[in-house]
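Listing of model.cif, mmCIF, C-alpha atoms; chains and numbers go by the auth columns
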```
data_upload
loop_
_atom_site.group_PDB
_atom_site.id
_atom_site.type_symbol
_atom_site.label_atom_id
_atom_site.label_comp_id
_atom_site.label_asym_id
_atom_site.label_seq_id
_atom_site.Cartn_x
_atom_site.Cartn_y
_atom_site.Cartn_z
_atom_site.B_iso_or_equiv
_atom_site.auth_seq_id
_atom_site.auth_asym_id
ATOM 1 C CA ALA A 1 -6.485 -27.068 -2.417 0.00 941 A
ATOM 2 C CA GLY A 2 -2.996 -27.967 -1.474 0.00 942 A
ATOM 3 C CA TYR A 3 -0.253 -27.867 1.123 0.00 943 A
ATOM 4 C CA ARG A 4 3.414 -28.782 0.995 0.00 944 A
ATOM 5 C CA SER A 5 6.488 -28.355 3.103 0.00 945 A
ATOM 6 C CA THR A 6 10.048 -29.193 2.183 0.00 946 A
ATOM 7 C CA GLU A 7 13.200 -30.095 4.045 0.00 947 A
ATOM 8 C CA ALA A 8 16.586 -30.086 2.289 0.00 948 A
ATOM 9 C CA GLU A 9 14.816 -29.535 -1.065 0.00 949 A
ATOM 10 C CA ARG A 10 12.717 -32.696 -0.651 0.00 950 A
ATOM 11 C CA VAL A 11 8.986 -32.830 -0.030 0.00 951 A
ATOM 12 C CA ALA A 12 8.477 -33.468 3.677 0.00 952 A
ATOM 13 C CA GLU A 13 4.687 -33.236 3.700 0.00 953 A
ATOM 14 C CA ILE A 14 2.135 -32.849 0.925 0.00 954 A
ATOM 15 C CA ARG A 15 -1.632 -32.792 0.620 0.00 955 A
ATOM 16 C CA LEU A 16 -3.467 -32.065 -2.616 0.00 956 A
ATOM 17 C CA ALA A 17 -7.208 -32.144 -3.329 0.00 957 A
ATOM 18 C CA VAL A 18 -9.152 -31.227 -6.453 0.00 958 A
ATOM 19 C CA SER A 19 -12.802 -31.015 -7.434 0.00 959 A
ATOM 20 C CA ASP A 20 -14.667 -31.230 -10.706 0.00 960 A
ATOM 21 C CA CYS A 21 -17.378 -28.861 -9.362 0.00 961 A
ATOM 22 C CA VAL A 22 -19.942 -31.652 -9.824 0.00 962 A
ATOM 23 C CA GLY A 23 -19.023 -34.216 -7.180 0.00 963 A
ATOM 24 C CA ARG A 24 -17.060 -34.113 -3.981 0.00 964 A
ATOM 25 C CA PRO A 25 -13.429 -32.967 -3.713 0.00 965 A
ATOM 26 C CA VAL A 26 -10.914 -35.811 -3.861 0.00 966 A
ATOM 27 C CA ARG A 27 -7.404 -36.147 -2.463 0.00 967 A
ATOM 28 C CA LEU A 28 -4.739 -37.083 -4.995 0.00 968 A
ATOM 29 C CA ARG A 29 -3.189 -39.696 -2.745 0.00 969 A
ATOM 30 C CA ARG A 30 -1.112 -41.452 -5.424 0.00 970 A
ATOM 31 C CA LEU A 31 0.462 -38.107 -6.352 0.00 971 A
ATOM 32 C CA GLU A 32 1.042 -37.306 -2.676 0.00 972 A
ATOM 33 C CA SER A 33 2.700 -40.676 -2.150 0.00 973 A
ATOM 34 C CA ALA A 34 4.850 -40.370 -5.277 0.00 974 A
ATOM 35 C CA LEU A 35 6.128 -36.913 -4.332 0.00 975 A
ATOM 36 C CA SER A 36 6.610 -37.481 -0.605 0.00 976 A
ATOM 37 C CA GLY A 37 10.322 -37.595 0.157 0.00 977 A
ATOM 38 C CA SER A 38 11.343 -36.606 -3.358 0.00 978 A
ATOM 39 C CA VAL A 39 12.475 -33.446 -5.080 0.00 979 A
ATOM 40 C CA LEU A 40 9.568 -31.690 -6.791 0.00 980 A
ATOM 41 C CA PRO A 41 9.515 -32.612 -10.484 0.00 981 A
ATOM 42 C CA ALA A 42 9.048 -30.264 -13.432 0.00 982 A
ATOM 43 C CA ARG A 43 5.713 -28.540 -13.965 0.00 983 A
ATOM 44 C CA SER A 44 4.787 -30.822 -16.871 0.00 984 A
ATOM 45 C CA ALA A 45 5.386 -33.940 -14.765 0.00 985 A
ATOM 46 C CA ILE A 46 3.061 -32.658 -12.017 0.00 986 A
ATOM 47 C CA GLU A 47 0.401 -31.831 -14.606 0.00 987 A
ATOM 48 C CA ASP A 48 0.710 -35.359 -16.065 0.00 988 A
ATOM 49 C CA MET A 49 0.467 -36.940 -12.602 0.00 989 A
ATOM 50 C CA VAL A 50 -2.732 -35.011 -11.857 0.00 990 A
ATOM 51 C CA ALA A 51 -4.234 -35.981 -15.228 0.00 991 A
ATOM 52 C CA GLY A 52 -3.357 -39.621 -14.560 0.00 992 A
ATOM 53 C CA GLU A 53 -5.188 -39.692 -11.232 0.00 993 A
ATOM 54 C CA PHE A 54 -8.005 -37.128 -11.509 0.00 994 A
ATOM 55 C CA ARG A 55 -11.093 -38.350 -13.388 0.00 995 A
ATOM 56 C CA PRO A 56 -13.569 -35.450 -13.341 0.00 996 A
ATOM 57 C CA GLU A 57 -17.077 -35.545 -14.731 0.00 997 A
ATOM 58 C CA ALA A 58 -17.759 -33.371 -17.747 0.00 998 A
ATOM 59 C CA ASP A 59 -20.655 -30.979 -17.542 0.00 999 A
ATOM 60 C CA ARG A 60 -22.189 -28.406 -19.870 0.00 1000 A
ATOM 61 C CA TYR A 61 -19.507 -25.888 -18.918 0.00 1001 A
ATOM 62 C CA ALA A 62 -16.303 -27.922 -19.299 0.00 1002 A
ATOM 63 C CA SER A 63 -15.091 -31.230 -20.686 0.00 1003 A
ATOM 64 C CA CYS A 64 -13.250 -33.853 -18.659 0.00 1004 A
ATOM 65 C CA ASP A 65 -10.014 -33.027 -20.532 0.00 1005 A
ATOM 66 C CA TYR A 66 -10.341 -29.316 -19.766 0.00 1006 A
ATOM 67 C CA LYS A 67 -10.956 -29.952 -16.061 0.00 1007 A
ATOM 68 C CA GLN A 68 -7.942 -32.304 -15.901 0.00 1008 A
ATOM 69 C CA CYS A 69 -5.763 -29.710 -17.611 0.00 1009 A
ATOM 70 C CA ILE A 70 -6.816 -26.866 -15.319 0.00 1010 A
ATOM 71 C CA ALA A 71 -6.437 -29.043 -12.210 0.00 1011 A
ATOM 72 C CA GLY A 72 -2.896 -29.953 -13.308 0.00 1012 A
ATOM 73 C CA VAL A 73 -1.920 -26.347 -13.994 0.00 1013 A
ATOM 74 C CA LEU A 74 -3.265 -25.165 -10.635 0.00 1014 A
ATOM 75 C CA ALA A 75 -1.697 -28.064 -8.727 0.00 1015 A
ATOM 76 C CA ALA A 76 1.696 -27.341 -10.287 0.00 1016 A
ATOM 77 C CA GLU A 77 1.325 -23.654 -9.420 0.00 1017 A
ATOM 78 C CA ILE A 78 0.584 -24.465 -5.775 0.00 1018 A
ATOM 79 C CA LEU A 79 3.394 -27.003 -5.468 0.00 1019 A
ATOM 80 C CA LEU A 80 6.120 -25.079 -7.283 0.00 1020 A
ATOM 81 C CA ASP A 81 5.565 -21.516 -6.066 0.00 1021 A
ATOM 82 C CA PRO A 82 8.249 -20.885 -3.408 0.00 1022 A
ATOM 83 C CA GLU A 83 6.083 -18.213 -1.763 0.00 1023 A
ATOM 84 C CA LEU A 84 3.457 -20.849 -0.960 0.00 1024 A
ATOM 85 C CA GLU A 85 5.837 -23.052 1.050 0.00 1025 A
ATOM 86 C CA GLY A 86 4.009 -24.188 4.187 0.00 1026 A
ATOM 87 C CA ALA A 87 0.793 -22.310 3.300 0.00 1027 A
ATOM 88 C CA GLU A 88 -2.526 -24.007 2.727 0.00 1028 A
ATOM 89 C CA GLN A 89 -4.066 -22.950 -0.558 0.00 1029 A
#
```

This structure in C-alpha coordinates:
Amino acid sequence: AGYRSTEAERVAEIRLAVSDCVGRPVRLRRLESALSGSVLPARSAIEDMVAGEFRPEADRYASCDYKQCIAGVLAAEILLDPELEGAEQ
(Lines of atoms letter the chains of each structure in order from A and count residues from 1; the text may use other names and numbers.)
(Lines give C-alpha, C1' and ligand atoms only; values in the text may rest on other atoms or scores of the structure.)
Protein backbone atom coordinates (compact mmCIF):
# COMPACT_ATOMS: atom_id res chain seq x y z
CA ALA A 1 0.00 0.00 0.00
CA GLY A 2 1.28 3.42 -0.71
CA TYR A 3 0.59 7.13 -0.88
CA ARG A 4 2.60 10.05 -2.21
CA SER A 5 2.09 13.67 -3.03
CA THR A 6 4.49 16.01 -4.76
CA GLU A 7 5.10 19.73 -4.82
CA ALA A 8 7.35 21.30 -7.47
CA GLU A 9 8.39 17.80 -8.63
CA ARG A 10 9.65 16.85 -5.15
CA VAL A 11 8.05 14.33 -2.82
CA ALA A 12 6.06 16.28 -0.24
CA GLU A 13 4.56 13.31 1.57
CA ILE A 14 5.08 9.57 1.22
CA ARG A 15 3.91 6.43 2.98
CA LEU A 16 4.73 2.93 1.79
CA ALA A 17 3.91 -0.42 3.42
CA VAL A 18 4.48 -3.96 2.21
CA SER A 19 3.65 -7.44 3.46
CA ASP A 20 5.15 -10.86 2.92
CA CYS A 21 1.70 -12.49 3.36
CA VAL A 22 3.06 -14.38 6.38
CA GLY A 23 3.59 -11.70 9.01
CA ARG A 24 2.25 -8.23 9.54
CA PRO A 25 2.54 -5.39 7.01
CA VAL A 26 5.54 -3.12 7.60
CA ARG A 27 6.15 0.51 6.72
CA LEU A 28 9.30 1.18 4.71
CA ARG A 29 10.32 4.13 6.85
CA ARG A 30 13.93 4.36 5.64
CA LEU A 31 12.67 4.56 2.04
CA GLU A 32 10.06 7.14 3.05
CA SER A 33 12.71 9.22 4.78
CA ALA A 34 15.16 8.96 1.88
CA LEU A 35 12.58 10.05 -0.69
CA SER A 36 10.87 12.78 1.34
CA GLY A 37 11.79 16.15 -0.12
CA SER A 38 13.59 14.67 -3.11
CA VAL A 39 12.80 14.07 -6.75
CA LEU A 40 11.58 10.51 -7.32
CA PRO A 41 14.47 8.35 -8.52
CA ALA A 42 14.44 5.86 -11.39
CA ARG A 43 12.38 2.69 -11.13
CA SER A 44 15.45 0.52 -10.54
CA ALA A 45 16.58 2.70 -7.64
CA ILE A 46 13.18 2.38 -5.93
CA GLU A 47 13.24 -1.39 -6.43
CA ASP A 48 16.75 -1.54 -4.89
CA MET A 49 15.67 0.60 -1.93
CA VAL A 50 12.72 -1.72 -1.23
CA ALA A 51 14.94 -4.81 -1.48
CA GLY A 52 17.43 -3.21 0.91
CA GLU A 53 14.80 -2.60 3.59
CA PHE A 54 12.16 -5.33 3.14
CA ARG A 55 13.10 -8.71 4.63
CA PRO A 56 10.14 -11.02 3.93
CA GLU A 57 9.83 -14.59 5.11
CA ALA A 58 9.89 -17.27 2.43
CA ASP A 59 7.05 -19.73 2.38
CA ARG A 60 6.11 -22.71 0.22
CA TYR A 61 4.68 -20.38 -2.42
CA ALA A 62 7.48 -17.83 -2.87
CA SER A 63 11.10 -17.27 -1.91
CA CYS A 64 12.37 -14.23 -0.03
CA ASP A 65 14.06 -12.96 -3.22
CA TYR A 66 10.85 -13.27 -5.22
CA LYS A 67 8.82 -11.40 -2.59
CA GLN A 68 11.45 -8.62 -2.45
CA CYS A 69 11.41 -8.32 -6.23
CA ILE A 70 7.63 -8.15 -6.49
CA ALA A 71 7.40 -5.65 -3.61
CA GLY A 72 9.96 -3.43 -5.37
CA VAL A 73 8.16 -3.59 -8.71
CA LEU A 74 4.80 -2.76 -7.13
CA ALA A 75 6.24 0.03 -4.98
CA ALA A 76 7.87 1.63 -8.02
CA GLU A 77 4.59 1.36 -9.94
CA ILE A 78 2.68 3.11 -7.15
CA LEU A 79 5.28 5.85 -6.70
CA LEU A 80 5.98 6.60 -10.35
CA ASP A 81 2.51 6.42 -11.91
CA PRO A 82 1.38 10.04 -12.39
CA GLU A 83 -2.28 8.98 -12.29
CA LEU A 84 -1.82 7.79 -8.70
CA GLU A 85 -0.65 11.18 -7.39
CA GLY A 86 -2.40 11.82 -4.08
CA ALA A 87 -4.32 8.50 -4.16
CA GLU A 88 -3.93 5.80 -1.56
CA GLN A 89 -3.21 2.45 -3.16

With a distance cut-off of 7 Å and all atoms listed in the file, select the neighbouring residues of region 947-962 of chain A, excluding the residue or stretch itself and same-chain residues fewer than 6 positions from it, and output the selection as a PyMOL selection string. chain A and resi 941+968+972+975-980+996-997+1007+1011

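Here CA of Tyr1001 (chain A) and CA of Gly942 (chain A) stand 24.1 Å from one another.
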
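The residue that comes closest to Asp988 (chain A), out of A:Thr946, A:Pro965, A:Gln1008, A:Pro1022 and on the basis of only C-alpha atoms, is A:Gln1008.
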
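Point (0.9, -31.5, -11.2) has the following residues at most 9 Å away: Leu971, Pro981, Ala982, Arg983, Ser984, Ala985, Ile986, Glu987, Asp988, Met989, Val990, Ala991, Ala1011, Gly1012, Val1013, Leu1014, Ala1015, Ala1016, Glu1017, Ile1018 and Leu1019 of chain A (atoms considered: all atoms listed in the file).
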
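For the set A:Arg944, A:Ser1003, A:Leu1020, A:Glu993, the residue with the smallest atom-to-atom gap to Arg967 (chain A) is A:Glu993, counting only C-alpha atoms.
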
Box along x, y and z, 8 Å on every side, all listed atoms of region 1004-1012 of chain A inside: centre and edge lengths in Å to one decimal, as lines of an AutoDock Vina configuration file.
```
center_x = -8.1
center_y = -30.4
center_z = -16.4
size_x = 26.4
size_y = 23.0
size_z = 24.3
```

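Ranking A:Glu1023, A:Ser945, A:Ala974, A:Val966 by their shortest atom-to-atom distance to Arg995 (chain A), with only C-alpha atoms included, puts A:Val966 first.
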